[in-house]
Amino acid sequence: MNKPASVGSIESNFMLWCCAPFTNSMAHVSISKKICWLTFIYMVLVSHACNGFYLPGSYMHTYSNGDEILAKVNSLTSIETELPFSYYSLPYCKPLGGIKKSAENLGELLMGDQIDNSPYRFRMNINESVFLCTTSPLSEHEVKLLKQRTRDLYQVNMILDNLPAMRYAQQNGVKIQWTGFPVGYTPPNSNEDYIINHLKFRVLVHEYEGTGVEIIGTGEEGMGVISEADKKKASGYEIVGFEVIPCSVKYDPEVMAKLHTYDKVNSVNCPLELDKSQIIREQERISFTYEVEFVKSDIRWPSRWDAYLKMEGARVHWFSILNSLMVIFFLAGIVFVIFLRTVRRDLTRYEELDKESQAQMNEELSGWKLVVGDVFREPNNSKLLCVMIGDGVQITGMAIVTIVFAALGFMSPASRGMLLTGMIILYLFLGTAAGYAGVRLWRTIKGTSDGWRSVSWSVSCFFPGIVFVILTALNFILWSSKSTGAIPISLYFILISLWFCVSVPLTLLGGFLGTRAEPIQYPVRTNQIPREIPARKYPSWLLVLGAGTLPFGTLFIELFFILSSIWLGRFYYVFGFLLVVLLLLVIVCAEVSVVLTYMHLCVEDWQWWWKAFYASGSVALYVFLYSINYLVFDLQSLSGPVSAILYLGYSLVMAIAIMLSTGTIGFITSFFFVHYLFSSVKID
């Protein structure tokens with residue numbers, strides 16, 4: 001998740017951004033009439049925002065004293081199983097008006113979030129201790145379910161004003177922060193389980209009086225602006241923190257049964273004795289209560305997510321990562337510089353010779369110059385190569401644009417599911433680029449546009465088809481487990497509709513544009529009879545597989561934090577640094593692929609096309625192996641074959657996407673390098 005920037009820097013940056021059209025219109029007096037009109041309309045639209053605004057992630061709510069605030073509940077989650085379940089799958093108290101699901105975006109649904117209303121009701125600045133309900137006697141099935149969820153370390157995820165509940169705990173003398181609280185707990189050396197049935201909430205509030213600063217939000221409430229007219233209405237208290245202390249308290253069910261929802265009860269301290277805690281067993285009636293305390297805080301609303309982004313265990317070790325990246329970049333730079341000097345020396349020597357000497361040199365010497373008549377010969381499975389390059393362009397474009405927007409602060413932690421939703425939308429609309437790249441490469445290889453429709457269809461169905469098959473298999477597993485992580489049938493139809501109604505037509509459009517573009521002309525002619533490739537002491541695929549280690553070196557440290565954010569429920573927010581890592585990865589992939597292509601050409605191996613792709617694409621193999629290593633050594637708590645299959649399935653999708661993206665980067669760089677190299681050679 002992206003760490004919120006300081007208020008002053010955001011305000012000043014957006015002030016400059018908003019007011020830039022005014023200065024630009026004065027400076028460029030001679031621009032065309034059409035651009036003048038566009039500039040004028042733009043100025044009118046944004047003029048009301050030129051006194052600066054924040055972009056903290058969601059629309060700010062202010063509450064007056066006594067205003068009712070309702071908490072929401074998300075799916076139960078566990079790092080032991082990675083299978084989310086509905087909050088109301090357990091015998092918890094239900095809201096008086098019934099369960100109502102919150103509107104969720106595409107990303108939230110795909111991540112397994114199920115946000116419902118809850119009976120937990122707070123009133124601004126009113127400290128109170130409240131009774132919720134007493135359950136019916138627990139049945140055998142409910143006891144079994146509660147015990148299972150407790151021993152699988154399931155967490156209850158509660159949300160107030162878009163902030164997750166945060167819990168503090170002491171572990172080995174270190175203060176640790178977690179989001180959510182456990183369903184229950186099992187004392188050491190005990191077979192009994194105890195349920196959490198009393199919650200002590202601490203709500204941090206900041207008094208807001210309306211400073212004239214306008215606020216734009218991109219969170220779940222949509223876009224909103226607080227204007228001058230709403231200043232008085234905006235004055236009040238804003239929620240800047242939401243903390244919880246979970247307790248297990250044994251109540252007398254006969255006494256509690258006489259109470260009604262929201263009746264006042266006496267405040268209690270969390271008991272340390274087990275006989276005063278609420279045990280989970282058949283025929284037990286469990287009473288749920290909570291108390292809330294409002295505490296004034298100096299934390300301002302744009303900074304309220306800082307506490308979540310500084311959680312113990314989620315800090316990025318900046319020095320370690322930067323040191324590793326600098327070393328890898330330095331080594332890759334040295335290789336590339338040496339390589340450039342070698343090529344320049346070869347070209348200089350070759351061009352200084354006269355024609356007779358060149359012919360004699362061609363007879364005496366071996367190397368890349370001898371494959372001039374075969375270097376652009378059509379590769380094996382050329383259609384598959386075009387399809388994979390098209391999909392690689394689509395995935396790479398999606399990754400770059402998404403990470404740039406996230407680094408600029410548009411993917412706030414408050415905007416649940418927005419990152420995944422944005423990625424899907426970008427992928428759909430980049431189908432045009434994928435179709436264009438695949439068909440233009442097809443035209444370049446074949447010299448004709450025949451078959452471009454087949455290539456475009458294959459581009460639009462290759463990677464999405466693989467993902468669809470894997471996710472469907474995993475979804476059957478989730479359905480059988482009755483997990484909220486399972487994709488609903490309705491969402492399946494939506495995704496398929498987006499695929500065939502948006503992505504496929506755009507890919508076909510891109511393919512059509514590719515047929516209209518000029519094919520890339522080869523600088524040399526291809527001989528009719530292919531040249532024999534000399535035998536080698538070792539297979540070339542060993543070199544190709546080994547080449548993936550250098551790009552992996554730029555990625556693996558950041559990969560650890562990404563996997564931790566996905567599987568251990570930690571917040572990932574250093575998208576600015578991830579953007580640097582991505583750019584460095586692109587450079588290293590390009591270098592590695594070019595170097596290996598040159599090495600293959602030097603030993604008269606003109607079949608460089610697929611080798612160039614897999615030289616950088618082989619990093620995906622190491623990513624998948626690292627994911628297995630992470631599963632074995634860092635996710636030791638993951639229990640059961642179902643969880644392991646889910647983990648490996650999602651890791652496989654990630655590895656395939658990385659292979660297509662990095663392979664495309666390496667291939668395109670190598671193609672233009674080979675084109676430049678042989679266009680520099682004098683050929684009769």
# chains A, B, ... in the order shown; residues from 1 in each chain; ligands from 1
$ residues_around --residues "A:Asn125" --least-positions-apart "4" --cutoff "10 Å" --atoms "only C-alpha atoms" --output "CSV table (one decimal) with C-alpha atoms, in the first residue's frame"
chain,number,residue,atom,x,y,z
A,63,TYR,CA,-19.3,13.4,13.0
A,64,SER,CA,-21.0,15.6,15.6
A,65,ASN,CA,-21.4,14.5,19.3
A,66,GLY,CA,-23.8,11.7,19.6
A,67,ASP,CA,-23.8,10.8,15.9
A,203,VAL,CA,-11.6,5.1,18.9
A,204,LEU,CA,-9.2,7.9,18.2
A,205,VAL,CA,-10.9,11.1,17.1
A,237,TYR,CA,-14.9,15.0,14.7
A,292,VAL,CA,-16.1,1.8,23.6
A,293,GLU,CA,-13.9,4.7,24.6
A,294,PHE,CA,-13.4,7.8,22.5
A,295,VAL,CA,-9.9,9.4,22.9
A,296,LYS,CA,-9.0,12.8,21.3
$ residues_around --residues "A:Ala517" --least-positions-apart "3" --cutoff "12 Å" --atoms "only C-alpha atoms" --output "PyMOL selection string"
chain A and resi 436-437+439-444+448-449+510-514+520-521
$ write_last_selection --atoms "N, CA, C and O atoms" --output "mmCIF file, in the first residue's frame"
data_model
loop_
_atom_site.group_PDB
_atom_site.id
_atom_site.type_symbol
_atom_site.label_atom_id
_atom_site.label_comp_id
_atom_site.auth_asym_id
_atom_site.auth_seq_id
_atom_site.Cartn_x
_atom_site.Cartn_y
_atom_site.Cartn_z
ATOM 1 N N TYR A 436 -1.744 -5.435 -31.808
ATOM 2 C CA TYR A 436 -0.858 -4.714 -32.726
ATOM 3 C C TYR A 436 0.536 -5.334 -32.738
ATOM 4 O O TYR A 436 1.110 -5.601 -33.807
ATOM 5 N N ALA A 437 1.095 -5.577 -31.546
ATOM 6 C CA ALA A 437 2.456 -6.116 -31.449
ATOM 7 C C ALA A 437 2.537 -7.519 -32.049
ATOM 8 O O ALA A 437 3.473 -7.840 -32.797
ATOM 9 N N VAL A 439 0.510 -9.064 -34.300
ATOM 10 C CA VAL A 439 0.284 -9.118 -35.746
ATOM 11 C C VAL A 439 1.431 -8.451 -36.507
ATOM 12 O O VAL A 439 1.839 -8.936 -37.582
ATOM 13 N N ARG A 440 1.974 -7.370 -35.971
ATOM 14 C CA ARG A 440 3.082 -6.723 -36.693
ATOM 15 C C ARG A 440 4.317 -7.626 -36.728
ATOM 16 O O ARG A 440 5.018 -7.689 -37.740
ATOM 17 N N LEU A 441 4.577 -8.344 -35.632
ATOM 18 C CA LEU A 441 5.679 -9.304 -35.644
ATOM 19 C C LEU A 441 5.380 -10.445 -36.624
ATOM 20 O O LEU A 441 6.274 -10.921 -37.338
ATOM 21 N N TRP A 442 4.117 -10.859 -36.684
ATOM 22 C CA TRP A 442 3.712 -11.908 -37.621
ATOM 23 C C TRP A 442 3.946 -11.463 -39.071
ATOM 24 O O TRP A 442 4.456 -12.229 -39.896
ATOM 25 N N ARG A 443 3.583 -10.225 -39.373
ATOM 26 C CA ARG A 443 3.815 -9.684 -40.723
ATOM 27 C C ARG A 443 5.304 -9.600 -41.033
ATOM 28 O O ARG A 443 5.735 -9.864 -42.160
ATOM 29 N N THR A 444 6.089 -9.228 -40.024
ATOM 30 C CA THR A 444 7.533 -9.104 -40.223
ATOM 31 C C THR A 444 8.153 -10.465 -40.534
ATOM 32 O O THR A 444 9.002 -10.591 -41.419
ATOM 33 N N THR A 448 3.632 -11.232 -44.944
ATOM 34 C CA THR A 448 2.262 -11.077 -45.423
ATOM 35 C C THR A 448 1.318 -10.952 -44.230
ATOM 36 O O THR A 448 1.672 -11.357 -43.107
ATOM 37 N N SER A 449 0.116 -10.420 -44.492
ATOM 38 C CA SER A 449 -0.868 -10.266 -43.421
ATOM 39 C C SER A 449 -1.792 -11.470 -43.294
ATOM 40 O O SER A 449 -2.657 -11.488 -42.410
ATOM 41 N N GLY A 510 -6.507 -4.019 -32.561
ATOM 42 C CA GLY A 510 -5.058 -3.842 -32.580
ATOM 43 C C GLY A 510 -4.409 -4.659 -33.686
ATOM 44 O O GLY A 510 -3.471 -4.184 -34.350
ATOM 45 N N GLY A 511 -4.913 -5.890 -33.909
ATOM 46 C CA GLY A 511 -4.382 -6.705 -34.994
ATOM 47 C C GLY A 511 -4.631 -6.077 -36.356
ATOM 48 O O GLY A 511 -3.754 -6.094 -37.237
ATOM 49 N N PHE A 512 -5.819 -5.498 -36.536
ATOM 50 C CA PHE A 512 -6.132 -4.817 -37.798
ATOM 51 C C PHE A 512 -5.185 -3.638 -38.022
ATOM 52 O O PHE A 512 -4.693 -3.420 -39.134
ATOM 53 N N LEU A 513 -4.935 -2.870 -36.943
ATOM 54 C CA LEU A 513 -3.993 -1.751 -37.067
ATOM 55 C C LEU A 513 -2.592 -2.260 -37.385
ATOM 56 O O LEU A 513 -1.822 -1.597 -38.096
ATOM 57 N N GLY A 514 -2.260 -3.451 -36.860
ATOM 58 C CA GLY A 514 -0.956 -4.046 -37.149
ATOM 59 C C GLY A 514 -0.801 -4.412 -38.616
ATOM 60 O O GLY A 514 0.303 -4.343 -39.175
ATOM 61 N N ILE A 520 8.507 -4.472 -40.472
ATOM 62 C CA ILE A 520 9.916 -4.127 -40.281
ATOM 63 C C ILE A 520 10.731 -4.843 -41.357
ATOM 64 O O ILE A 520 10.662 -6.068 -41.485
ATOM 65 N N GLN A 521 11.486 -4.094 -42.154
ATOM 66 C CA GLN A 521 12.268 -4.665 -43.244
ATOM 67 C C GLN A 521 13.604 -5.190 -42.723
ATOM 68 O O GLN A 521 14.305 -4.507 -41.982
#
$ residues_around --residues "A:Phe405" --least-positions-apart "5" --cutoff "12 Å" --atoms "only C-alpha atoms" --output "PyMOL selection string"
chain A and resi 1-2+398-400+410-412+418-419+422-423+426+575-576+578-579
$ write_last_selection --atoms "N, CA, C and O atoms" --output "mmCIF file, in the first residue's frame"
data_model
loop_
_atom_site.group_PDB
_atom_site.id
_atom_site.type_symbol
_atom_site.label_atom_id
_atom_site.label_comp_id
_atom_site.auth_asym_id
_atom_site.auth_seq_id
_atom_site.Cartn_x
_atom_site.Cartn_y
_atom_site.Cartn_z
ATOM 1 N N MET A 1 0.845 -1.193 0.000
ATOM 2 C CA MET A 1 0.000 0.000 0.000
ATOM 3 C C MET A 1 0.884 1.247 0.000
ATOM 4 O O MET A 1 1.964 1.247 0.587
ATOM 5 N N ASN A 2 0.422 2.292 -0.574
ATOM 6 C CA ASN A 2 1.218 3.486 -0.723
ATOM 7 C C ASN A 2 1.142 4.336 0.530
ATOM 8 O O ASN A 2 0.075 4.633 1.033
ATOM 9 N N MET A 398 0.414 -3.195 -18.538
ATOM 10 C CA MET A 398 -0.453 -3.175 -17.357
ATOM 11 C C MET A 398 0.363 -2.976 -16.085
ATOM 12 O O MET A 398 0.007 -2.160 -15.221
ATOM 13 N N ALA A 399 1.482 -3.710 -15.957
ATOM 14 C CA ALA A 399 2.301 -3.622 -14.741
ATOM 15 C C ALA A 399 2.895 -2.225 -14.575
ATOM 16 O O ALA A 399 2.849 -1.646 -13.479
ATOM 17 N N ILE A 400 3.431 -1.670 -15.651
ATOM 18 C CA ILE A 400 4.082 -0.355 -15.558
ATOM 19 C C ILE A 400 3.077 0.734 -15.198
ATOM 20 O O ILE A 400 3.300 1.531 -14.277
ATOM 21 N N PHE A 410 -2.420 6.880 -6.060
ATOM 22 C CA PHE A 410 -3.811 6.652 -6.431
ATOM 23 C C PHE A 410 -4.330 5.286 -5.993
ATOM 24 O O PHE A 410 -5.480 4.969 -6.223
ATOM 25 N N MET A 411 -3.478 4.458 -5.396
ATOM 26 C CA MET A 411 -3.901 3.142 -4.920
ATOM 27 C C MET A 411 -3.747 3.114 -3.396
ATOM 28 O O MET A 411 -2.881 2.442 -2.848
ATOM 29 N N SER A 412 -4.570 3.862 -2.715
ATOM 30 C CA SER A 412 -4.494 3.986 -1.274
ATOM 31 C C SER A 412 -4.951 2.700 -0.600
ATOM 32 O O SER A 412 -5.782 1.963 -1.137
ATOM 33 N N MET A 418 -8.996 -1.722 -5.222
ATOM 34 C CA MET A 418 -8.784 -0.820 -6.351
ATOM 35 C C MET A 418 -7.563 -1.226 -7.168
ATOM 36 O O MET A 418 -7.554 -1.068 -8.394
ATOM 37 N N LEU A 419 -6.536 -1.761 -6.520
ATOM 38 C CA LEU A 419 -5.328 -2.163 -7.235
ATOM 39 C C LEU A 419 -5.651 -3.272 -8.229
ATOM 40 O O LEU A 419 -5.298 -3.188 -9.411
ATOM 41 N N GLY A 422 -8.033 -1.977 -10.997
ATOM 42 C CA GLY A 422 -7.292 -1.176 -11.968
ATOM 43 C C GLY A 422 -6.462 -2.029 -12.910
ATOM 44 O O GLY A 422 -6.386 -1.759 -14.118
ATOM 45 N N MET A 423 -5.832 -3.085 -12.362
ATOM 46 C CA MET A 423 -5.026 -3.975 -13.198
ATOM 47 C C MET A 423 -5.885 -4.669 -14.254
ATOM 48 O O MET A 423 -5.490 -4.780 -15.417
ATOM 49 N N LEU A 426 -6.974 -2.090 -16.957
ATOM 50 C CA LEU A 426 -5.840 -1.771 -17.829
ATOM 51 C C LEU A 426 -5.529 -2.927 -18.769
ATOM 52 O O LEU A 426 -5.256 -2.721 -19.956
ATOM 53 N N PHE A 575 5.305 1.426 -3.249
ATOM 54 C CA PHE A 575 5.183 1.309 -4.696
ATOM 55 C C PHE A 575 6.212 2.173 -5.420
ATOM 56 O O PHE A 575 6.585 1.867 -6.548
ATOM 57 N N GLY A 576 6.653 3.245 -4.800
ATOM 58 C CA GLY A 576 7.698 4.061 -5.413
ATOM 59 C C GLY A 576 8.967 3.260 -5.588
ATOM 60 O O GLY A 576 9.626 3.304 -6.636
ATOM 61 N N LEU A 578 9.068 -0.020 -5.646
ATOM 62 C CA LEU A 578 8.758 -1.100 -6.583
ATOM 63 C C LEU A 578 8.902 -0.624 -8.022
ATOM 64 O O LEU A 578 9.333 -1.387 -8.900
ATOM 65 N N LEU A 579 8.569 0.634 -8.276
ATOM 66 C CA LEU A 579 8.731 1.199 -9.617
ATOM 67 C C LEU A 579 10.208 1.219 -10.011
ATOM 68 O O LEU A 579 10.567 0.890 -11.152
#
$ closest_residue --among "A:Asn162, A:Asn172, A:Ser480, A:Gln177" --to "A:Arg304" --atoms "only C-alpha atoms"
A:Asn162
$ residues_around --residues "A:Phe672" --least-positions-apart "4" --cutoff "12 Å" --atoms "only C-alpha atoms" --output "list of chain:residue names"
A:Phe376, A:Ile520, A:Gln521, A:Tyr522, A:Pro523, A:Ala590, A:Ser593, A:Val594, A:Thr597, A:Trp609, A:Ala612, A:Ile665, A:Gly666, A:Phe667, A:Ile668, A:Tyr676, A:Leu677, A:Phe678, A:Ser679
$ select_by_dssp --residues "stretch 378-470 of chain A" --states "alpha helix (DSSP H)" --output "VMD selection string"
chain A and resid 382 to 407 418 to 429 431 to 446 452 to 470
$ closest_residue --among "A:Arg123, A:Arg151, A:Lys200, A:His206" --to "A:Ser78" --atoms "only C-alpha atoms"
A:Arg151
$ residues_around --residues "stretch 549-552 of chain A" --least-positions-apart "2" --cutoff "7 Å" --atoms "only C-alpha atoms" --output "PyMOL selection string"
chain A and resi 546-547+554-556+585+588-589+619+622
$ write_last_selection --atoms "all heavy atoms" --output "mmCIF file, in the first residue's frame"
data_model
loop_
_atom_site.group_PDB
_atom_site.id
_atom_site.type_symbol
_atom_site.label_atom_id
_atom_site.label_comp_id
_atom_site.auth_asym_id
_atom_site.auth_seq_id
_atom_site.Cartn_x
_atom_site.Cartn_y
_atom_site.Cartn_z
ATOM 1 N N GLY A 546 20.595 -20.348 -16.994
ATOM 2 C CA GLY A 546 21.472 -19.632 -16.067
ATOM 3 C C GLY A 546 21.336 -18.135 -16.171
ATOM 4 O O GLY A 546 21.572 -17.401 -15.199
ATOM 5 N N ALA A 547 20.927 -17.655 -17.361
ATOM 6 C CA ALA A 547 20.808 -16.206 -17.562
ATOM 7 C C ALA A 547 19.727 -15.598 -16.684
ATOM 8 O O ALA A 547 19.778 -14.407 -16.359
ATOM 9 C CB ALA A 547 20.515 -15.908 -19.023
ATOM 10 N N THR A 554 17.667 -8.975 -9.053
ATOM 11 C CA THR A 554 17.099 -7.634 -8.847
ATOM 12 C C THR A 554 15.716 -7.694 -8.220
ATOM 13 O O THR A 554 15.215 -6.691 -7.733
ATOM 14 C CB THR A 554 16.979 -6.880 -10.181
ATOM 15 O OG1 THR A 554 15.998 -7.523 -10.988
ATOM 16 C CG2 THR A 554 18.283 -6.866 -10.925
ATOM 17 N N LEU A 555 15.109 -8.864 -8.244
ATOM 18 C CA LEU A 555 13.694 -8.971 -7.909
ATOM 19 C C LEU A 555 13.423 -9.672 -6.585
ATOM 20 O O LEU A 555 12.419 -9.378 -5.928
ATOM 21 C CB LEU A 555 12.985 -9.728 -9.046
ATOM 22 C CG LEU A 555 11.477 -9.869 -9.009
ATOM 23 C CD1 LEU A 555 10.816 -8.502 -9.124
ATOM 24 C CD2 LEU A 555 10.997 -10.772 -10.139
ATOM 25 N N PHE A 556 14.334 -10.582 -6.169
ATOM 26 C CA PHE A 556 13.914 -11.533 -5.135
ATOM 27 C C PHE A 556 13.670 -10.887 -3.771
ATOM 28 O O PHE A 556 12.793 -11.334 -3.028
ATOM 29 C CB PHE A 556 14.933 -12.674 -5.029
ATOM 30 C CG PHE A 556 16.126 -12.371 -4.176
ATOM 31 C CD1 PHE A 556 16.182 -12.808 -2.860
ATOM 32 C CD2 PHE A 556 17.206 -11.675 -4.689
ATOM 33 C CE1 PHE A 556 17.283 -12.538 -2.075
ATOM 34 C CE2 PHE A 556 18.306 -11.408 -3.908
ATOM 35 C CZ PHE A 556 18.354 -11.843 -2.589
ATOM 36 N N LEU A 585 14.693 -3.984 -13.393
ATOM 37 C CA LEU A 585 14.457 -5.317 -13.943
ATOM 38 C C LEU A 585 14.379 -5.263 -15.469
ATOM 39 O O LEU A 585 14.929 -6.135 -16.160
ATOM 40 C CB LEU A 585 13.161 -5.895 -13.366
ATOM 41 C CG LEU A 585 12.742 -7.273 -13.873
ATOM 42 C CD1 LEU A 585 13.734 -8.332 -13.406
ATOM 43 C CD2 LEU A 585 11.337 -7.625 -13.392
ATOM 44 N N VAL A 588 17.973 -4.869 -16.829
ATOM 45 C CA VAL A 588 18.772 -6.089 -16.699
ATOM 46 C C VAL A 588 18.277 -7.167 -17.661
ATOM 47 O O VAL A 588 19.080 -7.875 -18.277
ATOM 48 C CB VAL A 588 18.749 -6.595 -15.240
ATOM 49 C CG1 VAL A 588 19.447 -7.934 -15.124
ATOM 50 C CG2 VAL A 588 19.416 -5.586 -14.318
ATOM 51 N N CYS A 589 16.945 -7.308 -17.818
ATOM 52 C CA CYS A 589 16.407 -8.289 -18.769
ATOM 53 C C CYS A 589 16.887 -7.991 -20.182
ATOM 54 O O CYS A 589 17.271 -8.904 -20.931
ATOM 55 C CB CYS A 589 14.879 -8.279 -18.722
ATOM 56 S SG CYS A 589 14.164 -9.117 -17.297
ATOM 57 N N VAL A 619 13.675 -16.083 -15.799
ATOM 58 C CA VAL A 619 13.585 -15.586 -14.421
ATOM 59 C C VAL A 619 12.309 -16.107 -13.760
ATOM 60 O O VAL A 619 12.265 -16.286 -12.525
ATOM 61 C CB VAL A 619 13.620 -14.037 -14.404
ATOM 62 C CG1 VAL A 619 12.367 -13.461 -15.053
ATOM 63 C CG2 VAL A 619 13.733 -13.516 -12.987
ATOM 64 N N TYR A 622 12.845 -19.192 -11.630
ATOM 65 C CA TYR A 622 13.422 -18.917 -10.309
ATOM 66 C C TYR A 622 12.389 -18.278 -9.383
ATOM 67 O O TYR A 622 12.419 -18.507 -8.172
ATOM 68 C CB TYR A 622 14.648 -18.020 -10.464
ATOM 69 C CG TYR A 622 15.754 -18.674 -11.248
ATOM 70 C CD1 TYR A 622 15.923 -18.396 -12.605
ATOM 71 C CD2 TYR A 622 16.595 -19.605 -10.660
ATOM 72 C CE1 TYR A 622 16.912 -19.012 -13.340
ATOM 73 C CE2 TYR A 622 17.598 -20.223 -11.391
ATOM 74 C CZ TYR A 622 17.754 -19.930 -12.726
ATOM 75 O OH TYR A 622 18.722 -20.567 -13.447
#
$ atom_distance --atom1 "atom CA of A:Leu160" --atom2 "atom CA of A:Thr261"
19.7 Å
$ atom_distance --atom1 "atom CA of A:Ile286" --atom2 "atom CA of A:Tyr262"
16.1 Å
$ closest_residue --among "A:Leu582, A:Leu153, A:Met256, A:Met166" --to "A:Val404" --atoms "only C-alpha atoms"
A:Leu582
$ residues_around --residues "A:Ala620" --least-positions-apart "2" --cutoff "7 Å" --atoms "only C-alpha atoms" --output "ChimeraX atom specification"
/A:617-618,622-624,655-656,658-659
$ write_last_selection --atoms "N, CA and C atoms" --output "PDB file, in the first residue's frame"
ATOM      1  N   GLY A 617      13.177 -14.499 -19.929  1.00  0.00           N
ATOM      2  CA  GLY A 617      11.947 -15.099 -19.410  1.00  0.00           C
ATOM      3  C   GLY A 617      12.194 -16.213 -18.414  1.00  0.00           C
ATOM      4  N   SER A 618      13.426 -16.784 -18.410  1.00  0.00           N
ATOM      5  CA  SER A 618      13.724 -17.876 -17.471  1.00  0.00           C
ATOM      6  C   SER A 618      13.731 -17.411 -16.023  1.00  0.00           C
ATOM      7  N   TYR A 622      12.845 -19.192 -11.630  1.00  0.00           N
ATOM      8  CA  TYR A 622      13.422 -18.917 -10.309  1.00  0.00           C
ATOM      9  C   TYR A 622      12.389 -18.278  -9.383  1.00  0.00           C
ATOM     10  N   VAL A 623      11.479 -17.489  -9.951  1.00  0.00           N
ATOM     11  CA  VAL A 623      10.404 -16.910  -9.138  1.00  0.00           C
ATOM     12  C   VAL A 623       9.512 -18.019  -8.588  1.00  0.00           C
ATOM     13  N   PHE A 624       9.177 -18.999  -9.442  1.00  0.00           N
ATOM     14  CA  PHE A 624       8.323 -20.100  -8.983  1.00  0.00           C
ATOM     15  C   PHE A 624       9.043 -20.961  -7.951  1.00  0.00           C
ATOM     16  N   ALA A 655       4.012 -16.627 -12.055  1.00  0.00           N
ATOM     17  CA  ALA A 655       5.234 -16.988 -12.768  1.00  0.00           C
ATOM     18  C   ALA A 655       5.026 -16.926 -14.280  1.00  0.00           C
ATOM     19  N   ILE A 656       3.877 -17.383 -14.771  1.00  0.00           N
ATOM     20  CA  ILE A 656       3.599 -17.330 -16.217  1.00  0.00           C
ATOM     21  C   ILE A 656       3.533 -15.878 -16.695  1.00  0.00           C
ATOM     22  N   ILE A 658       5.046 -13.308 -15.347  1.00  0.00           N
ATOM     23  CA  ILE A 658       6.413 -12.769 -15.313  1.00  0.00           C
ATOM     24  C   ILE A 658       7.211 -13.286 -16.502  1.00  0.00           C
ATOM     25  N   MET A 659       7.027 -14.567 -16.855  1.00  0.00           N
ATOM     26  CA  MET A 659       7.747 -15.127 -18.006  1.00  0.00           C
ATOM     27  C   MET A 659       7.376 -14.392 -19.292  1.00  0.00           C
TER      28      MET A 659
END
$ residues_around --residues "A:Phe429" --least-positions-apart "2" --cutoff "12 Å" --atoms "only C-alpha atoms" --output "MDAnalysis selection string"
chainID A and resid 394:395 397:398 401 422:427 431:435 460 498:499 501:510
$ closest_atom_pairs --of "stretch 394-487 of chain A" --to "stretch 89-113 of chain A" --cutoff "12 Å" --atoms "only C-alpha atoms" --output "Markdown table"
| residue | atom | partner | partner_atom | distance |
| --- | --- | --- | --- | --- |
| A:Ser415 | CA | A:Glu108 | CA | 9.7 |
| A:Arg416 | CA | A:Glu108 | CA | 6.4 |
| A:Gly417 | CA | A:Gly107 | CA | 4.0 |
| A:Met418 | CA | A:Gly107 | CA | 6.1 |
| A:Leu419 | CA | A:Gly107 | CA | 7.2 |
| A:Leu420 | CA | A:Gly107 | CA | 4.8 |
| A:Thr421 | CA | A:Gly107 | CA | 4.6 |
| A:Gly422 | CA | A:Gly107 | CA | 8.2 |
| A:Met423 | CA | A:Gly107 | CA | 9.0 |
| A:Ile424 | CA | A:Gly107 | CA | 8.5 |
| A:Ile425 | CA | A:Leu106 | CA | 9.9 |
| A:Leu471 | CA | A:Leu110 | CA | 10.5 |
| A:Asn475 | CA | A:Leu110 | CA | 10.7 |
| A:Leu478 | CA | A:Gly112 | CA | 10.2 |
| A:Trp479 | CA | A:Gly112 | CA | 11.9 |
| A:Lys482 | CA | A:Ser89 | CA | 9.8 |
| A:Ser483 | CA | A:Gly112 | CA | 8.1 |
| A:Thr484 | CA | A:Gly112 | CA | 5.2 |
| A:Gly485 | CA | A:Gly112 | CA | 3.8 |
| A:Ala486 | CA | A:Gly112 | CA | 6.8 |
| A:Ile487 | CA | A:Leu110 | CA | 6.4 |
$ write_last_selection --atoms "C-alpha atoms" --output "short mmCIF file (atom, residue, chain, number, x, y, z; two decimals), in the first residue's frame"
data_model
loop_
_atom_site.label_atom_id
_atom_site.label_comp_id
_atom_site.auth_asym_id
_atom_site.auth_seq_id
_atom_site.Cartn_x
_atom_site.Cartn_y
_atom_site.Cartn_z
CA SER A 415 -9.39 1.85 -1.52
CA ARG A 416 -9.88 -1.87 -1.04
CA GLY A 417 -9.65 -3.88 -4.24
CA MET A 418 -8.78 -0.82 -6.35
CA LEU A 419 -5.33 -2.16 -7.24
CA LEU A 420 -6.70 -5.42 -8.64
CA THR A 421 -9.64 -3.66 -10.31
CA GLY A 422 -7.29 -1.18 -11.97
CA MET A 423 -5.03 -3.98 -13.20
CA ILE A 424 -7.95 -5.83 -14.80
CA ILE A 425 -9.29 -2.69 -16.52
CA LEU A 471 -8.64 -20.19 -11.46
CA ASN A 475 -12.42 -22.20 -7.57
CA LEU A 478 -12.83 -23.07 -2.74
CA TRP A 479 -16.45 -23.95 -3.53
CA LYS A 482 -17.55 -23.09 1.23
CA SER A 483 -15.05 -20.23 1.31
CA THR A 484 -15.89 -16.61 0.47
CA GLY A 485 -12.74 -16.68 -1.67
CA ALA A 486 -14.70 -18.65 -4.29
CA ILE A 487 -15.69 -16.55 -7.30
#
$ closest_residue --among "A:Ile239, A:Val375, A:Val255, A:Val524" --to "A:Tyr598" --atoms "only C-alpha atoms"
A:Val375
$ closest_residue --among "A:His141, A:Asp605, A:Thr472, A:Gly451" --to "A:Gly649" --atoms "only C-alpha atoms"
A:Thr472
$ atom_distance --atom1 "atom CA of A:Phe468" --atom2 "atom CA of A:Tyr154"
28.8 Å
